[in-house]
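The structure file entry_26.txt is reproduced below (compact mmCIF, C-alpha atoms).
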# COMPACT_ATOMS: atom_id res chain seq x y z
CA MET Z 1 41.94 52.50 -4.96
CA ILE Z 2 40.03 50.56 -7.55
CA MET Z 3 37.74 52.60 -9.79
CA GLU Z 4 34.89 50.85 -11.46
CA LYS Z 5 33.89 53.72 -13.64
CA THR Z 6 36.05 55.00 -16.39
CA ASP Z 7 35.95 58.11 -18.51
CA ASN Z 8 37.61 56.46 -21.47
CA PRO Z 9 34.97 56.10 -24.19
CA LEU Z 10 36.80 53.21 -25.83
CA LEU Z 11 36.92 51.36 -22.55
CA THR Z 12 33.24 52.03 -22.01
CA LYS Z 13 32.56 50.74 -25.49
CA LEU Z 14 34.63 47.66 -24.85
CA THR Z 15 32.83 46.75 -21.65
CA GLY Z 16 29.51 46.96 -23.48
CA MET Z 17 30.45 44.72 -26.38
CA PRO Z 18 28.83 41.30 -26.55
CA GLY Z 19 30.97 38.55 -25.13
CA VAL Z 20 33.08 40.78 -22.92
CA LEU Z 21 32.89 39.50 -19.35
CA GLY Z 22 35.37 41.84 -17.78
CA VAL Z 23 38.01 44.46 -18.38
CA VAL Z 24 40.84 45.49 -16.11
CA GLN Z 25 43.49 48.14 -16.43
CA VAL Z 26 46.62 47.76 -14.39
CA GLY Z 27 49.47 50.19 -13.90
CA GLU Z 28 53.12 49.33 -14.24
CA SER Z 29 53.45 48.81 -10.52
CA GLY Z 30 50.58 46.34 -10.48
CA LEU Z 31 48.04 48.79 -9.07
CA VAL Z 32 44.61 48.17 -10.54
CA LYS Z 33 43.38 51.37 -12.12
CA SER Z 34 39.95 50.32 -13.31
CA VAL Z 35 38.00 47.11 -13.29
CA HIS Z 36 34.72 45.97 -14.75
CA GLY Z 37 33.34 42.54 -13.95
CA ASP Z 38 33.92 40.15 -11.08
CA GLU Z 39 36.45 37.95 -12.82
CA ALA Z 40 38.39 40.99 -13.98
CA GLU Z 41 39.40 41.80 -10.45
CA LEU Z 42 40.94 38.36 -10.14
CA LEU Z 43 42.68 38.86 -13.45
CA GLY Z 44 44.10 42.13 -12.19
CA ASN Z 45 45.95 40.21 -9.48
CA VAL Z 46 47.92 38.14 -11.99
CA LEU Z 47 48.04 40.40 -15.00
CA VAL Z 48 51.36 42.03 -14.22
CA TYR Z 49 53.03 38.72 -13.45
CA PHE Z 50 51.57 37.21 -16.59
CA GLU Z 51 52.98 40.10 -18.56
CA GLN Z 52 56.36 39.81 -16.92
CA MET Z 53 56.63 36.08 -17.52
CA SER Z 54 55.51 36.49 -21.12
CA ASN Z 55 58.33 38.96 -21.60
CA ARG Z 56 60.79 36.64 -19.88
CA ILE Z 57 59.80 33.71 -22.06
CA GLY Z 58 60.23 35.80 -25.17
CA GLU Z 59 63.51 37.14 -23.85
CA SER Z 60 64.79 33.57 -23.53
CA LEU Z 61 64.35 33.22 -27.27
CA GLY Z 62 65.80 36.59 -28.10
CA MET Z 63 62.54 38.35 -28.79
CA ASP Z 64 61.32 41.78 -27.82
CA ALA Z 65 58.54 42.59 -25.39
CA TYR Z 66 55.25 40.91 -26.08
CA THR Z 67 52.59 42.69 -28.08
CA GLU Z 68 49.67 40.53 -27.04
CA ALA Z 69 49.15 37.48 -24.88
CA GLN Z 70 46.13 35.25 -24.83
CA MET Z 71 45.00 32.71 -22.30
CA LEU Z 72 42.92 30.18 -24.18
CA CYS Z 73 40.89 28.54 -21.44
CA LYS Z 74 38.04 26.12 -21.90
CA SER Z 75 35.17 28.53 -21.45
CA ILE Z 76 36.84 31.92 -21.63
CA THR Z 77 39.60 33.70 -23.46
CA VAL Z 78 41.73 36.36 -21.86
CA ILE Z 79 43.55 38.91 -23.97
CA CYS Z 80 46.31 40.96 -22.41
CA GLN Z 81 47.95 43.86 -24.11
CA PRO Z 82 50.50 46.36 -22.94
CA SER Z 83 49.37 49.94 -22.87
CA ASP Z 84 51.11 53.26 -22.33
CA GLU Z 85 50.42 53.27 -18.62
CA GLY Z 86 50.59 49.56 -17.86
CA SER Z 87 48.54 46.65 -19.08
CA LEU Z 88 45.03 45.93 -20.20
CA GLY Z 89 43.25 42.63 -19.71
CA VAL Z 90 39.96 41.58 -21.25
CA ILE Z 91 37.98 38.47 -20.42
CA LEU Z 92 35.83 37.10 -23.21
CA ASN Z 93 33.41 34.24 -23.43
CA ASN Z 94 33.13 31.90 -26.40
CA LYS Z 95 30.58 34.14 -28.11
CA ALA Z 96 32.84 37.14 -28.30
CA ARG Z 97 33.72 38.38 -31.74
CA MET Z 98 37.46 38.79 -31.77
CA ALA Z 99 37.44 40.62 -35.07
CA GLU Z 100 35.42 43.43 -33.51
CA ILE Z 101 37.14 43.47 -30.15
CA ILE Z 102 40.76 43.49 -31.26
CA PRO Z 103 40.52 46.87 -33.05
CA VAL Z 104 39.00 48.44 -29.97
CA LEU Z 105 41.78 46.99 -27.87
CA ASN Z 106 44.36 48.32 -30.26
CA GLY Z 107 42.76 51.74 -30.00
CA LEU Z 108 43.05 51.58 -26.22
CA LYS Z 109 46.67 50.56 -26.43
CA GLU Z 110 47.62 53.69 -28.36
CA MET F 1 55.04 7.57 -33.56
CA ILE F 2 55.61 10.92 -31.85
CA ASP F 3 57.95 11.87 -34.64
CA ARG F 4 55.18 11.66 -37.21
CA TYR F 5 52.89 13.99 -35.34
CA LEU F 6 55.64 16.47 -34.67
CA CYS F 7 56.43 16.48 -38.38
CA ASN F 8 52.78 17.24 -39.05
CA ILE F 9 53.06 20.29 -36.81
CA MET F 10 56.16 21.46 -38.62
CA ASP F 11 54.29 21.07 -41.90
CA VAL F 12 51.88 23.84 -40.97
CA PRO F 13 52.89 26.90 -43.01
CA GLY F 14 54.56 29.30 -40.66
CA ALA F 15 55.62 26.78 -38.03
CA GLU F 16 59.32 27.26 -37.46
CA GLY F 17 60.15 25.15 -34.47
CA LEU F 18 58.81 23.23 -31.56
CA CYS F 19 59.84 21.58 -28.37
CA LEU F 20 58.12 19.08 -26.16
CA LEU F 21 58.42 19.06 -22.41
CA ASN F 22 57.18 16.50 -19.95
CA ARG F 23 54.99 17.69 -17.10
CA ASP F 24 58.04 18.27 -14.93
CA GLY F 25 59.41 20.73 -17.45
CA LYS F 26 62.18 18.51 -18.74
CA LEU F 27 62.96 18.89 -22.40
CA VAL F 28 62.04 15.70 -24.25
CA VAL F 29 62.06 16.68 -27.91
CA SER F 30 63.47 19.77 -29.55
CA ARG F 31 63.09 20.87 -33.13
CA MET F 32 63.83 24.52 -32.72
CA PRO F 33 65.83 26.51 -35.25
CA GLU F 34 69.57 26.33 -34.94
CA TYR F 35 69.89 29.85 -33.59
CA VAL F 36 68.15 28.69 -30.41
CA ILE F 37 71.26 27.70 -28.49
CA PRO F 38 71.19 24.90 -25.91
CA GLU F 39 71.69 27.30 -23.02
CA VAL F 40 68.26 28.75 -23.71
CA TYR F 41 66.29 25.72 -22.67
CA GLU F 42 67.06 25.82 -18.99
CA ASP F 43 65.51 29.25 -18.49
CA LEU F 44 62.83 28.76 -21.10
CA THR F 45 61.40 25.59 -19.60
CA ARG F 46 61.60 26.95 -16.08
CA ARG F 47 59.71 30.11 -17.03
CA ILE F 48 57.04 28.23 -18.90
CA ILE F 49 56.39 25.99 -15.92
CA ALA F 50 56.32 29.03 -13.63
CA LEU F 51 53.76 30.70 -15.88
CA TYR F 52 51.47 27.71 -15.83
CA GLU F 53 51.75 27.26 -12.09
CA ALA F 54 51.12 30.92 -11.29
CA ILE F 55 48.04 31.25 -13.47
CA ASP F 56 46.64 27.90 -12.32
CA GLU F 57 47.09 28.90 -8.71
CA HIS F 58 45.98 32.52 -8.75
CA PHE F 59 43.53 32.77 -11.62
CA ILE F 60 41.99 29.75 -13.37
CA PRO F 61 43.62 26.63 -14.79
CA CYS F 62 44.54 27.31 -18.36
CA ASP F 63 46.22 24.87 -20.72
CA ASP F 64 46.85 27.00 -23.77
CA TYR F 65 48.61 30.28 -24.24
CA LEU F 66 49.35 32.31 -27.31
CA LEU F 67 52.18 34.76 -26.78
CA LYS F 68 52.69 37.26 -29.56
CA TYR F 69 55.97 39.04 -30.06
CA PRO F 70 57.08 41.37 -32.82
CA GLN F 71 59.31 38.68 -34.31
CA LYS F 72 57.52 35.39 -33.62
CA TRP F 73 54.55 33.85 -31.88
CA LEU F 74 54.72 31.17 -29.26
CA PHE F 75 51.92 28.70 -28.87
CA LEU F 76 51.97 26.81 -25.59
CA ARG F 77 49.73 23.80 -25.18
CA ARG F 78 49.50 21.55 -22.18
CA THR F 79 47.97 18.15 -21.69
CA GLU F 80 48.11 15.84 -18.73
CA ASN F 81 51.23 14.25 -20.22
CA ALA F 82 53.26 17.02 -21.83
CA ILE F 83 53.70 20.66 -22.72
CA LEU F 84 54.14 21.55 -26.35
CA VAL F 85 55.80 24.80 -27.37
CA VAL F 86 55.49 25.85 -30.99
CA MET F 87 57.33 28.84 -32.37
CA SER F 88 55.87 30.29 -35.50
CA ASP F 89 55.81 33.17 -37.88
CA ILE F 90 53.42 35.99 -37.02
CA LYS F 91 51.30 35.19 -40.05
CA ILE F 92 50.54 31.64 -39.07
CA ASN F 93 46.97 30.41 -39.14
CA VAL F 94 46.32 29.76 -35.48
CA MET F 95 43.27 27.60 -36.13
CA SER F 96 45.24 25.27 -38.38
CA LEU F 97 47.99 25.04 -35.83
CA ARG F 98 45.50 24.36 -33.11
CA MET F 99 43.90 21.52 -35.04
CA VAL F 100 47.19 19.85 -35.83
CA THR F 101 48.47 20.20 -32.28
CA ASN F 102 45.17 18.79 -31.01
CA MET F 103 45.78 15.62 -32.95
CA ALA F 104 49.40 15.45 -31.92
CA LEU F 105 48.72 15.92 -28.23
CA LYS F 106 45.93 13.35 -28.22
CA SER F 107 48.32 10.81 -29.61
CA ILE F 108 51.19 11.56 -27.29
CA SER F 109 50.53 9.14 -24.50
CA ALA F 110 52.06 9.12 -21.08
CA GLN F 111 53.91 5.93 -21.88
CA ALA F 112 55.43 7.45 -25.00
CA ILE F 113 56.61 10.50 -23.09
CA ALA F 114 57.97 8.43 -20.24
CA SER F 115 59.89 6.21 -22.65
CA LEU F 116 61.71 9.18 -24.12
CA PRO F 117 64.83 10.22 -22.24
CA PRO F 118 65.39 13.92 -21.57
CA ALA F 119 66.71 15.15 -24.88
CA ALA F 120 70.07 16.80 -25.26
CA PRO F 121 69.34 20.18 -26.76
CA PRO F 122 70.48 20.44 -30.38
CA VAL F 123 73.99 21.69 -30.73
CA ALA F 124 74.41 24.58 -33.13
CA LYS F 125 76.20 23.38 -36.25
CA ALA F 126 79.72 24.69 -36.71
CA PRO F 127 80.57 26.28 -40.05
CA ALA F 128 81.22 23.46 -42.52
CA PRO F 129 84.88 23.20 -43.61
CA ALA F 130 85.78 23.20 -47.31
CA ALA F 131 86.30 19.41 -47.45
CA ALA F 132 82.87 18.79 -46.06
CA LYS F 133 81.35 21.11 -48.66
CA ALA F 134 82.75 18.93 -51.44
CA SER F 135 80.83 15.95 -50.12
CA SER F 136 77.56 17.85 -49.92
CA PRO F 137 74.73 15.92 -51.54
CA VAL F 138 73.33 19.07 -53.13
CA PRO F 139 74.82 19.36 -56.63
CA ILE F 140 76.59 22.57 -57.46
CA ALA F 141 75.98 23.92 -60.93
CA THR F 142 79.16 23.59 -62.98
CA PRO F 143 79.78 23.84 -66.71
CA ALA F 144 79.66 20.53 -68.52
CA SER F 145 83.28 20.91 -69.59
CA ALA F 146 84.57 21.46 -66.05
CA LYS F 147 86.05 18.44 -64.41
CA ALA F 148 84.43 17.85 -61.08
CA PRO F 149 86.71 16.58 -58.34
CA GLU F 150 86.30 12.97 -57.46
CA VAL F 151 84.73 12.80 -54.05
CA LYS F 152 83.44 9.81 -52.24
CA PRO F 153 80.10 10.81 -50.78
CA ALA F 154 79.56 9.94 -47.16
CA PRO F 155 77.00 7.19 -46.64
CA PRO F 156 73.75 8.46 -45.19
CA ALA F 157 73.37 7.99 -41.49
CA PRO F 158 70.94 5.19 -40.67
CA VAL F 159 67.62 6.53 -39.50
CA GLU F 160 65.95 4.40 -36.93
CA GLU F 161 62.22 4.51 -36.58
CA ASP F 162 60.95 4.77 -33.06
CA SER F 163 64.35 6.01 -32.01
CA GLN F 164 64.49 7.05 -28.42
CA SER F 165 66.84 9.93 -29.06
CA PHE F 166 65.59 12.84 -31.03
CA GLU F 167 67.85 15.29 -32.74
CA VAL F 168 67.28 18.16 -35.03
CA ARG F 169 67.21 16.75 -38.53
CA PRO F 170 67.60 18.76 -41.69
CA ARG F 171 64.59 18.55 -43.89
CA ASN F 172 64.47 17.55 -47.52
CA ARG F 173 67.92 16.09 -47.50
CA VAL F 174 68.72 14.26 -50.73
CA PRO F 175 70.78 11.12 -50.16
CA PRO F 176 74.13 11.18 -51.95
CA VAL F 177 74.52 9.17 -55.14
CA GLU F 178 77.24 6.56 -55.06
CA ARG F 179 79.42 6.49 -58.12
CA PRO F 180 81.96 3.85 -59.08
CA ALA F 181 85.49 4.85 -58.28
CA GLY F 182 87.31 6.41 -61.24
CA SER F 183 84.17 7.07 -63.24
CA ALA F 184 83.69 10.29 -65.15
CA PRO F 185 81.35 12.78 -63.57
CA ARG F 186 77.82 12.57 -64.82
CA THR F 187 76.13 15.69 -66.06
CA TYR F 188 72.58 16.60 -66.82
CA ARG F 189 71.72 19.91 -68.42
CA GLY F 190 75.06 21.30 -67.49
CA GLN F 191 74.97 20.21 -63.87
CA SER F 192 77.15 17.44 -62.57
CA TYR F 193 75.80 14.95 -60.13

Written form, structure tokens:
Amino acid sequence: MIMEKTDNPLLTKLTGMPGVLGVVQVGESGLVKSVHGDEAELLGNVLVYFEQMSNRIGESLGMDAYTEAQMLCKSITVICQPSDEGSLGVILNNKARMAEIIPVLNGLKE
Amino acid sequence: MIDRYLCNIMDVPGAEGLCLLNRDGKLVVSRMPEYVIPEVYEDLTRRIIALYEAIDEHFIPCDDYLLKYPQKWLFLRRTENAILVVMSDIKINVMSLRMVTNMALKSISAQAIASLPPAAPPVAKAPAPAAAKASSPVPIATPASAKAPEVKPAPPAPVEEDSQSFEVRPRNRVPPVERPAGSAPRTYRGQSY
């Protein structure tokens, strides 16, 4: 069951920040826990696989699990971070201020 | 031509290695550190291609990825001709790297990629034996009174420009100095050369 509302104040803050188009939280099994934004639902479908492949690519080079993965598309940027209960994905447009968003993401990860 | 742009990428502070794949995922150029063994490339290239295909198919087409790990960062960049993978330190300036890779990828044409054969991954260097150490071009500090052994330095390997085979090359390698046979070792400030 996909929940659009969330009780997490940091997540609420993140969804309201300028430049944030969508936020999705996904559990370890791939189940979408919360989603905000239309594109975020689509991101939720690939987030777990993206995380797994990022880990596999790093594993090929002898590295540990990824700490952050970014998709640098033409009009949007997607930031994926692992969290305690799965993964978090954020979709940003070109006007997003990464310096303000990253600390909030890091707070959600903890 | 490609070699020059790849060297520019390696000049970015923090860049530690790179490899270039064609659009089919075949390794074309590799300048990864020596601890990246050849067996790595088969899985690495396959997984990178799988990542691109999955995201293109199920999300939106994306050409660039930045994967951050505790030890290193990987910067993946794709054009219509090639995929560039840059491994870097975690403190690298991503904007600088992006600019340099922009210029490199614009200049890597389809013809240039197609003309390069699939590269043999670099073989990890075996520990140098003692005899090979004596012929090292790097001078070892010795007292002026010590008699250095007479060693004939190996001639430098010819470097061909526009070579079609790319190998990992050591950087900043000083060519050996040829000395006449039987001559006394030359010293400068206590170091023989």

Could you tell me which residues of chain F sit within 10 Å of chain Z when counting only C-alpha atoms, and give me the result as a ChimeraX atom specification?
/F:35-37,39-48,50-52,54-55,57-77,87

How big is the axis-aligned box, and where does its centre sit, when it encloses all atoms of segment 12-22 of chain Z listed in the file and has 3 Å added on every side, reported in Å to one decimal as JSON?
{"center_x": 32.1, "center_y": 45.3, "center_z": -22.2, "size_x": 12.5, "size_y": 19.5, "size_z": 14.8}

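Taking atom CA of Val94 of chain F and atom CA of Gly22 of chain Z as endpoints, the distance between them is 24.1 Å.
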
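Going from atom CA of Leu88 of chain Z over to atom CA of Gln25 of chain Z, you cover 4.6 Å.
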
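The gap separating atom CA of Met95 of chain F from atom CA of Cys7 of chain F is 17.4 Å, in Å to one decimal.
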